[in-house]
>>> print(open('model_12.cif').read())   # mmCIF, C-alpha atoms and all ligand atoms
data_model
loop_
_atom_site.label_atom_id
_atom_site.label_comp_id
_atom_site.auth_asym_id
_atom_site.auth_seq_id
_atom_site.Cartn_x
_atom_site.Cartn_y
_atom_site.Cartn_z
CA MET A 3 153.68 38.99 -12.64
CA ILE A 4 150.87 37.19 -10.82
CA PHE A 5 147.44 37.70 -12.27
CA PRO A 6 144.59 36.69 -10.00
CA GLN A 7 143.04 34.74 -12.90
CA GLN A 8 146.14 32.55 -13.03
CA ARG A 9 145.85 31.78 -9.36
CA LEU A 10 142.26 30.68 -9.84
CA ARG A 11 143.23 28.48 -12.76
CA ARG A 12 145.99 26.83 -10.77
CA LEU A 13 143.33 25.75 -8.29
CA ARG A 14 141.32 24.01 -11.03
CA LYS A 15 144.22 22.00 -12.40
CA ASN A 16 142.97 18.50 -11.58
CA GLY A 17 140.09 16.67 -10.02
CA ALA A 18 141.78 16.22 -6.65
CA ILE A 19 142.44 19.91 -6.13
CA ARG A 20 138.95 20.78 -7.32
CA ARG A 21 137.58 18.35 -4.79
CA LEU A 22 139.78 19.77 -2.07
CA ILE A 23 138.50 23.30 -2.48
CA SER A 24 134.88 22.49 -3.35
CA GLU A 25 132.40 24.40 -1.20
CA THR A 26 129.25 22.35 -1.72
CA ALA A 27 128.84 18.58 -1.82
CA LEU A 28 125.62 16.92 -2.85
CA ASN A 29 124.94 13.96 -0.61
CA VAL A 30 122.35 11.19 -0.41
CA ASP A 31 121.34 12.67 2.96
CA ASP A 32 119.98 15.71 1.10
CA PHE A 33 117.19 13.83 -0.67
CA VAL A 34 113.48 13.40 -0.12
CA ALA A 35 111.89 11.09 -2.72
CA PRO A 36 108.31 12.00 -3.75
CA LEU A 37 106.15 8.87 -4.13
CA PHE A 38 102.65 8.38 -5.49
CA VAL A 39 100.25 5.70 -4.31
CA ARG A 40 97.02 5.10 -6.15
CA GLU A 41 93.91 3.30 -5.00
CA GLY A 42 92.26 0.69 -7.19
CA ILE A 43 95.06 -0.30 -9.57
CA ALA A 44 96.37 -3.85 -9.88
CA GLU A 45 99.92 -2.94 -10.89
CA ALA A 46 102.22 0.05 -10.65
CA GLN A 47 101.53 2.48 -13.51
CA PRO A 48 104.33 4.38 -15.24
CA ILE A 49 103.80 8.15 -15.52
CA ALA A 50 104.53 9.18 -19.10
CA SER A 51 105.70 12.71 -18.28
CA LEU A 52 107.88 11.51 -15.38
CA PRO A 53 110.01 8.71 -16.83
CA GLY A 54 111.12 6.32 -14.08
CA ILE A 55 108.39 7.43 -11.64
CA PHE A 56 105.27 5.35 -10.95
CA GLN A 57 101.83 5.48 -9.44
CA HIS A 58 102.28 2.69 -6.92
CA THR A 59 99.99 0.07 -5.54
CA ARG A 60 100.28 -0.51 -1.80
CA ASP A 61 102.49 -3.53 -2.51
CA SER A 62 104.77 -1.92 -5.07
CA LEU A 63 105.12 1.03 -2.70
CA LYS A 64 106.50 -1.25 0.00
CA ALA A 65 109.03 -2.66 -2.47
CA GLU A 66 109.99 0.91 -3.39
CA ILE A 67 110.55 1.71 0.29
CA ASP A 68 112.96 -1.22 0.51
CA GLU A 69 114.96 0.13 -2.43
CA ILE A 70 115.01 3.61 -0.95
CA LEU A 71 116.26 2.26 2.38
CA ASN A 72 118.98 0.29 0.57
CA LEU A 73 120.11 3.43 -1.23
CA GLY A 74 120.38 5.25 2.10
CA ILE A 75 117.89 7.99 1.18
CA PRO A 76 116.64 9.41 4.49
CA SER A 77 113.13 10.53 3.56
CA ILE A 78 110.11 10.23 1.28
CA ILE A 79 107.01 12.35 0.76
CA LEU A 80 103.75 10.58 -0.01
CA PHE A 81 100.95 11.69 -2.33
CA GLY A 82 97.74 9.69 -2.49
CA ILE A 83 95.40 9.27 -5.44
CA PRO A 84 91.95 8.03 -4.39
CA ALA A 85 89.67 5.93 -6.60
CA LYS A 86 86.85 8.42 -6.05
CA LYS A 87 87.19 12.18 -5.96
CA ASP A 88 84.50 14.59 -4.75
CA ALA A 89 83.92 18.30 -4.15
CA THR A 90 85.62 18.48 -0.75
CA GLY A 91 88.19 15.70 -1.06
CA THR A 92 86.65 13.43 1.57
CA GLU A 93 89.13 10.63 0.93
CA ALA A 94 91.95 12.85 2.18
CA TRP A 95 90.81 12.42 5.79
CA ASN A 96 89.19 9.00 5.58
CA PRO A 97 91.08 6.93 8.20
CA ASP A 98 91.07 4.07 5.67
CA GLY A 99 91.90 6.34 2.73
CA ILE A 100 94.73 5.36 0.42
CA VAL A 101 97.34 7.71 1.80
CA GLN A 102 96.57 6.78 5.41
CA GLN A 103 96.96 3.10 4.53
CA ALA A 104 100.17 3.84 2.65
CA ILE A 105 101.65 5.77 5.58
CA THR A 106 101.03 2.79 7.86
CA ASP A 107 102.45 0.38 5.24
CA CYS A 108 105.62 2.44 4.77
CA LYS A 109 106.12 2.80 8.50
CA SER A 110 105.82 -0.96 8.93
CA VAL A 111 108.65 -1.47 6.44
CA SER A 112 110.97 1.32 7.51
CA GLY A 113 110.39 1.93 11.22
CA ASP A 114 112.49 4.89 12.23
CA ASP A 115 115.04 4.44 9.42
CA LEU A 116 113.11 6.75 7.12
CA VAL A 117 111.31 10.05 7.64
CA ILE A 118 107.86 9.51 6.18
CA MET A 119 106.52 12.90 5.16
CA SER A 120 102.92 13.28 4.07
CA ASP A 121 101.82 16.06 1.76
CA LEU A 122 98.71 17.68 3.18
CA CYS A 123 96.36 19.13 0.59
CA VAL A 124 93.06 18.25 -1.07
CA ASP A 125 93.84 18.80 -4.74
CA GLU A 126 94.57 15.11 -5.39
CA TYR A 127 91.21 14.30 -3.76
CA THR A 128 88.84 16.91 -5.20
CA ASP A 129 87.02 16.49 -8.50
CA HIS A 130 87.69 20.14 -9.44
CA GLY A 131 91.42 19.92 -8.64
CA HIS A 132 91.61 22.94 -6.36
CA CYS A 133 93.49 22.90 -3.07
CA GLY A 134 90.41 23.82 -1.07
CA VAL A 135 86.64 24.17 -0.92
CA VAL A 136 85.32 26.04 -3.96
CA LYS A 137 82.54 28.59 -3.45
CA GLU A 138 79.73 29.25 -5.89
CA ASP A 139 81.62 32.16 -7.45
CA GLY A 140 84.51 29.78 -8.20
CA SER A 141 86.87 31.14 -5.55
CA VAL A 142 88.43 29.01 -2.82
CA ASP A 143 87.07 29.43 0.72
CA ASN A 144 90.18 29.78 2.87
CA ASP A 145 88.65 29.27 6.30
CA LEU A 146 86.37 26.36 5.42
CA THR A 147 89.40 24.70 3.87
CA LEU A 148 91.34 25.03 7.14
CA ASP A 149 88.71 22.86 8.86
CA LEU A 150 89.36 20.13 6.29
CA TYR A 151 93.13 20.45 6.69
CA LYS A 152 92.77 19.89 10.45
CA LYS A 153 90.88 16.66 9.84
CA ILE A 154 93.52 15.50 7.36
CA ALA A 155 96.32 16.28 9.82
CA VAL A 156 94.66 14.12 12.48
CA ALA A 157 94.05 11.26 10.02
CA GLN A 158 97.66 11.32 8.82
CA ALA A 159 98.96 11.52 12.39
CA ASN A 160 96.82 8.59 13.48
CA ALA A 161 98.14 6.59 10.52
CA GLY A 162 101.68 7.16 11.80
CA THR A 163 103.16 9.93 9.66
CA ASP A 164 106.50 11.34 10.84
CA LEU A 165 106.03 14.83 9.45
CA ILE A 166 103.27 16.86 7.80
CA ALA A 167 103.90 19.11 4.82
CA PRO A 168 100.93 21.37 4.02
CA SER A 169 101.07 22.46 0.37
CA GLY A 170 97.73 24.20 -0.18
CA MET A 171 98.87 27.80 0.44
CA MET A 172 95.80 28.68 2.55
CA ASP A 173 96.35 31.52 5.02
CA GLY A 174 96.63 30.26 8.58
CA GLN A 175 97.11 26.62 7.56
CA VAL A 176 100.21 26.06 9.68
CA ALA A 177 98.55 27.38 12.87
CA ALA A 178 95.39 25.37 12.20
CA ILE A 179 97.32 22.14 11.62
CA ARG A 180 99.59 22.71 14.62
CA GLN A 181 96.54 23.19 16.82
CA ALA A 182 94.85 20.05 15.47
CA LEU A 183 98.01 17.98 15.98
CA ASP A 184 98.57 19.25 19.52
CA GLU A 185 94.96 18.61 20.50
CA ASN A 186 95.31 15.09 19.14
CA GLY A 187 98.42 14.55 21.29
CA ASN A 188 100.90 14.74 18.40
CA LEU A 189 103.21 17.35 19.84
CA ASP A 190 106.21 15.62 18.28
CA ILE A 191 105.07 15.72 14.63
CA PRO A 192 106.92 18.56 12.89
CA ILE A 193 105.43 20.74 10.16
CA LEU A 194 107.35 21.45 6.97
CA ALA A 195 105.49 24.41 5.48
CA TYR A 196 105.40 24.84 1.72
CA SER A 197 105.78 28.55 2.50
CA ALA A 198 106.90 30.08 -0.75
CA LYS A 199 105.02 28.10 -3.36
CA TYR A 200 104.68 29.82 -6.68
CA ALA A 201 101.86 29.46 -9.22
CA SER A 202 104.35 27.83 -11.55
CA GLY A 203 103.96 26.35 -15.00
CA LEU A 204 106.31 23.60 -13.86
CA TYR A 205 103.72 21.45 -12.07
CA GLY A 206 102.30 19.98 -15.29
CA PRO A 207 103.66 16.42 -14.99
CA PHE A 208 102.60 16.26 -11.31
CA ARG A 209 99.04 16.82 -12.39
CA GLU A 210 99.30 13.82 -14.67
CA ALA A 211 100.91 11.84 -11.84
CA ALA A 212 98.12 12.74 -9.40
CA ASN A 213 95.29 12.62 -11.98
CA VAL A 214 94.45 16.27 -11.31
CA THR A 215 92.59 18.28 -13.93
CA LEU A 216 92.06 21.98 -13.45
CA GLU A 217 89.64 22.98 -16.15
CA ASN A 218 89.59 26.63 -17.24
CA SER A 219 91.07 27.54 -13.91
CA ASP A 220 94.34 28.20 -12.14
CA ARG A 221 95.72 28.60 -8.62
CA LYS A 222 96.90 32.16 -8.90
CA SER A 223 94.54 33.38 -6.17
CA TYR A 224 96.35 31.36 -3.51
CA GLN A 225 99.75 30.39 -4.92
CA GLN A 226 102.37 33.10 -5.30
CA ASP A 227 102.97 35.41 -8.21
CA TRP A 228 106.39 34.66 -9.68
CA ARG A 229 107.08 38.32 -10.19
CA ASN A 230 107.37 38.78 -6.42
CA LYS A 231 110.21 38.14 -4.01
CA ARG A 232 109.42 40.22 -0.89
CA GLU A 233 106.04 38.53 -0.70
CA ALA A 234 107.82 35.20 -0.27
CA MET A 235 109.63 36.53 2.79
CA ASN A 236 106.27 37.57 4.26
CA GLU A 237 104.87 34.10 3.64
CA ILE A 238 107.90 32.50 5.31
CA LYS A 239 107.75 34.79 8.35
CA ALA A 240 104.02 34.18 8.72
CA ASP A 241 104.50 30.41 8.64
CA LEU A 242 107.32 30.60 11.19
CA ASN A 243 105.12 32.70 13.47
CA GLU A 244 102.39 30.11 13.14
CA GLY A 245 104.77 27.38 14.29
CA ALA A 246 106.36 25.91 11.17
CA ASP A 247 109.40 23.81 12.11
CA MET A 248 110.90 23.99 8.62
CA ILE A 249 110.03 25.90 5.47
CA MET A 250 110.09 25.09 1.78
CA VAL A 251 110.58 26.98 -1.45
CA LYS A 252 108.98 25.57 -4.61
CA PRO A 253 109.92 25.21 -7.46
CA ALA A 254 113.69 25.25 -6.98
CA ILE A 255 115.83 26.29 -9.94
CA THR A 256 113.82 29.35 -10.97
CA TYR A 257 113.68 30.47 -7.31
CA LEU A 258 117.28 30.17 -6.11
CA ASP A 259 117.18 33.85 -5.16
CA ILE A 260 114.24 33.12 -2.88
CA ILE A 261 116.09 30.22 -1.23
CA ALA A 262 119.18 32.40 -0.75
CA GLN A 263 117.19 35.19 0.84
CA ALA A 264 115.22 32.78 3.01
CA ARG A 265 118.57 31.47 4.26
CA GLU A 266 119.39 35.02 5.39
CA ILE A 267 116.19 35.58 7.33
CA THR A 268 115.79 32.28 9.20
CA ASP A 269 117.87 29.58 10.83
CA VAL A 270 115.29 26.79 10.52
CA PRO A 271 116.03 24.05 7.99
CA ILE A 272 115.01 24.97 4.43
CA GLY A 273 113.72 22.46 1.92
CA ALA A 274 113.46 23.08 -1.81
CA TYR A 275 111.17 21.19 -4.16
CA HIS A 276 112.79 20.40 -7.51
CA VAL A 277 109.40 19.85 -9.10
CA SER A 278 107.96 17.58 -11.75
CA GLY A 279 108.48 20.01 -14.64
CA GLU A 280 112.11 20.55 -13.67
CA TYR A 281 112.65 16.79 -13.72
CA ALA A 282 110.71 16.31 -16.95
CA MET A 283 112.69 19.00 -18.81
CA ILE A 284 115.97 17.32 -17.97
CA LYS A 285 114.61 13.86 -18.84
CA ALA A 286 113.17 15.02 -22.16
CA ALA A 287 116.32 16.81 -23.30
CA GLY A 288 118.38 13.84 -22.10
CA GLU A 289 116.25 11.41 -24.12
CA LYS A 290 116.89 13.46 -27.21
CA GLY A 291 120.61 13.32 -26.51
CA TRP A 292 120.77 17.12 -26.22
CA ILE A 293 122.13 17.18 -22.70
CA ASP A 294 123.81 14.75 -20.34
CA GLU A 295 120.94 14.05 -17.99
CA LYS A 296 122.94 12.98 -14.94
CA GLN A 297 125.38 15.84 -15.22
CA VAL A 298 122.61 18.41 -15.48
CA ALA A 299 120.69 16.82 -12.62
CA ILE A 300 123.73 16.89 -10.33
CA GLU A 301 124.53 20.45 -11.41
CA GLN A 302 120.99 21.66 -10.68
CA LEU A 303 120.63 19.85 -7.37
CA THR A 304 124.04 21.08 -6.23
CA ALA A 305 123.03 24.63 -7.17
CA VAL A 306 119.92 24.29 -5.03
CA LYS A 307 122.07 23.26 -2.10
CA ARG A 308 124.63 26.00 -2.80
CA SER A 309 121.86 28.58 -2.69
CA GLY A 310 121.12 27.61 0.93
CA ALA A 311 118.71 24.67 0.95
CA ASN A 312 119.33 21.90 3.50
CA PHE A 313 117.39 19.22 1.65
CA ILE A 314 115.75 18.71 -1.72
CA LEU A 315 112.54 16.98 -2.70
CA THR A 316 113.45 15.48 -6.04
CA TYR A 317 112.26 12.81 -8.48
CA PHE A 318 115.98 12.21 -9.14
CA ALA A 319 116.51 10.95 -5.58
CA LYS A 320 116.96 7.27 -6.44
CA GLU A 321 118.83 7.75 -9.70
CA ILE A 322 121.32 10.28 -8.36
CA ALA A 323 121.71 8.57 -4.96
CA SER A 324 123.00 5.53 -6.76
CA CYS A 325 125.74 7.47 -8.55
CA LEU A 326 126.97 9.80 -5.80
C1 LIG A 401 99.66 20.23 -4.13
C2 LIG A 401 101.00 19.93 -4.66
C3 LIG A 401 101.43 20.08 -5.98
C4 LIG A 401 102.76 19.67 -6.03
C5 LIG A 401 103.11 19.27 -4.76
N1 LIG A 401 102.01 19.45 -3.91
C6 LIG A 401 100.65 20.47 -7.18
C7 LIG A 401 100.23 21.84 -7.42
O1 LIG A 401 100.33 22.73 -6.60
O2 LIG A 401 99.72 22.00 -8.51
C8 LIG A 401 103.58 19.72 -7.28
C9 LIG A 401 104.87 19.05 -7.23
C10 LIG A 401 105.51 18.86 -8.55
O3 LIG A 401 105.17 19.46 -9.57
O4 LIG A 401 106.40 18.03 -8.59
N2 LIG A 401 99.13 19.18 -3.39
#
>>> encode(input="model_12.cif", output="structure tokens")
Amino acid sequence: MIFPQQRLRRLRKNGAIRRLISETALNVDDFVAPLFVREGIAEAQPIASLPGIFQHTRDSLKAEIDEILNLGIPSIILFGIPAKKDATGTEAWNPDGIVQQAITDCKSVSGDDLVIMSDLCVDEYTDHGHCGVVKEDGSVDNDLTLDLYKKIAVAQANAGTDLIAPSGMMDGQVAAIRQALDENGNLDIPILAYSAKYASGLYGPFREAANVTLENSDRKSYQQDWRNKREAMNEIKADLNEGADMIMVKPAITYLDIIAQAREITDVPIGAYHVSGEYAMIKAAGEKGWIDEKQVAIEQLTAVKRSGANFILTYFAKEIASCL
């Protein structure tokens, strides 16, 4: 008698046959490494909640780019931390601002061998930590914020970015940025829209990394409610209509259903952001010896790919690239 279970077991007998029939392979080509560059520090600073990740100086960032190129990782995404923050995040569009300088630095090291993505938002640049202009009643002014985003897009484009990734979740941000880029002559800079970005508890370590403090406040009025799935499809369709070239789902592991459904409704490339809290949880449990860090990282990142993502923004990029 042949039981179907026995047939399945026969196909798991050894590593070679498991490899032969495997459906999903994690590859170094899937990775985008998030990098932080901070103005006004003399040396790279470790980030306590993200072991192995640093706030870079302009020089240490260039050295990091060399390592990333040597590992064969195809892309990075840059986040800037200015020395001075203010109410509107002026440093985000200063042509000599830290992230603009860093984009130019990275480009000078990597040429076309690396896709330099720049995150476009103001939360790392504002003193209140919101992703836009805050009105007197404490709410974020969507349309005023779009004007700032346009200026940032032009500044990043002029600095030489390869791709812009708006993460602020303002309505109409993709159309506004596309228009600003086209008017500036940057028809060839693609937009990766953080389309389905949830108001997650998993961004904690990022806020330490980017020196962002959100006092007595949250982002639930513009980031998505994690109880909702259909809403994410509306966000994705809206961004595609506005001209997004690729879309992103964030965080990753708690939103695999969103990635899978996004895969059904669009044929553009889909990115997933395995965020700071996802990385930190694995690192912390690994440090305690409760889990095998590398195995869990590979398992999670492979699951993200299996669910339908084409590429993954992950703090594990370097570590896992070197053992694939
Ligand atoms: C906003 C932005 C955030 C992250 C990426 N872009 C922070 C936030 O929305 O609070 C978080 C990424 C992570 O947690 O790794 N500019």
>>> closest_residue(input="model_12.cif", among="A:Pro207, A:Pro168, A:Pro76, A:Gly187", to="Asp115 of chain A", atoms="all atoms listed in the file")
A:Pro76
>>> closest_atom_pairs(input="model_12.cif", of="chain A", to="ligand LIG 401 (chain A)", cutoff="9 Å", atoms="only C-alpha atoms and all ligand atoms", output="Markdown table")
| residue | atom | partner | partner_atom | distance |
| --- | --- | --- | --- | --- |
| A:Pro36 | CA | A:LIG401 | O4 | 8.0 |
| A:Phe81 | CA | A:LIG401 | N2 | 7.8 |
| A:Asp121 | CA | A:LIG401 | N2 | 6.6 |
| A:Leu122 | CA | A:LIG401 | N2 | 6.8 |
| A:Cys123 | CA | A:LIG401 | N2 | 4.8 |
| A:Val124 | CA | A:LIG401 | N2 | 6.6 |
| A:Asp125 | CA | A:LIG401 | N2 | 5.5 |
| A:Glu126 | CA | A:LIG401 | N2 | 6.4 |
| A:Gly131 | CA | A:LIG401 | O2 | 8.6 |
| A:His132 | CA | A:LIG401 | O2 | 8.4 |
| A:Cys133 | CA | A:LIG401 | N2 | 6.8 |
| A:Ala167 | CA | A:LIG401 | N1 | 8.9 |
| A:Pro168 | CA | A:LIG401 | N2 | 7.9 |
| A:Ser169 | CA | A:LIG401 | C1 | 5.2 |
| A:Gly170 | CA | A:LIG401 | C1 | 5.9 |
| A:Met171 | CA | A:LIG401 | O1 | 8.8 |
| A:Tyr196 | CA | A:LIG401 | N1 | 8.5 |
| A:Lys199 | CA | A:LIG401 | O1 | 7.8 |
| A:Tyr200 | CA | A:LIG401 | O1 | 8.3 |
| A:Ala201 | CA | A:LIG401 | O1 | 7.4 |
| A:Ser202 | CA | A:LIG401 | O2 | 8.0 |
| A:Gly203 | CA | A:LIG401 | O3 | 8.9 |
| A:Leu204 | CA | A:LIG401 | O3 | 6.1 |
| A:Tyr205 | CA | A:LIG401 | O3 | 3.5 |
| A:Gly206 | CA | A:LIG401 | O3 | 6.4 |
| A:Pro207 | CA | A:LIG401 | O3 | 6.4 |
| A:Phe208 | CA | A:LIG401 | O3 | 4.5 |
| A:Arg209 | CA | A:LIG401 | O2 | 6.5 |
| A:Ala211 | CA | A:LIG401 | O4 | 8.9 |
| A:Ala212 | CA | A:LIG401 | C6 | 8.4 |
| A:Val214 | CA | A:LIG401 | O2 | 8.3 |
| A:Asp220 | CA | A:LIG401 | O2 | 9.0 |
| A:Arg221 | CA | A:LIG401 | O2 | 7.7 |
| A:Gln225 | CA | A:LIG401 | O1 | 7.9 |
| A:Lys252 | CA | A:LIG401 | C9 | 8.1 |
| A:Pro253 | CA | A:LIG401 | O3 | 7.8 |
| A:Tyr275 | CA | A:LIG401 | O4 | 7.2 |
| A:His276 | CA | A:LIG401 | O4 | 6.9 |
| A:Val277 | CA | A:LIG401 | O4 | 3.5 |
| A:Ser278 | CA | A:LIG401 | O4 | 3.6 |
| A:Gly279 | CA | A:LIG401 | O3 | 6.1 |
| A:Glu280 | CA | A:LIG401 | O4 | 8.0 |
| A:Tyr281 | CA | A:LIG401 | O4 | 8.2 |
| A:Leu315 | CA | A:LIG401 | O4 | 8.6 |
| A:Thr316 | CA | A:LIG401 | O4 | 7.9 |
| A:Tyr317 | CA | A:LIG401 | O4 | 7.8 |
>>> closest_residue(input="model_12.cif", among="A:Leu326, A:Ile249, A:Ile179, A:Ile284", to="Ile261 of chain A", atoms="only C-alpha atoms")
A:Ile249
>>> atom_distance(input="model_12.cif", atom1="atom CA of Ile78 of chain A", atom2="atom CA of Val34 of chain A")
4.8 Å
>>> residues_around(input="model_12.cif", residues="Cys108 of chain A", least_positions_apart="6", cutoff="9 Å", atoms="all atoms listed in the file", output="list of chain:residue names")
A:Arg60, A:Leu63, A:Lys64, A:Ile67, A:Leu116, A:Ile118
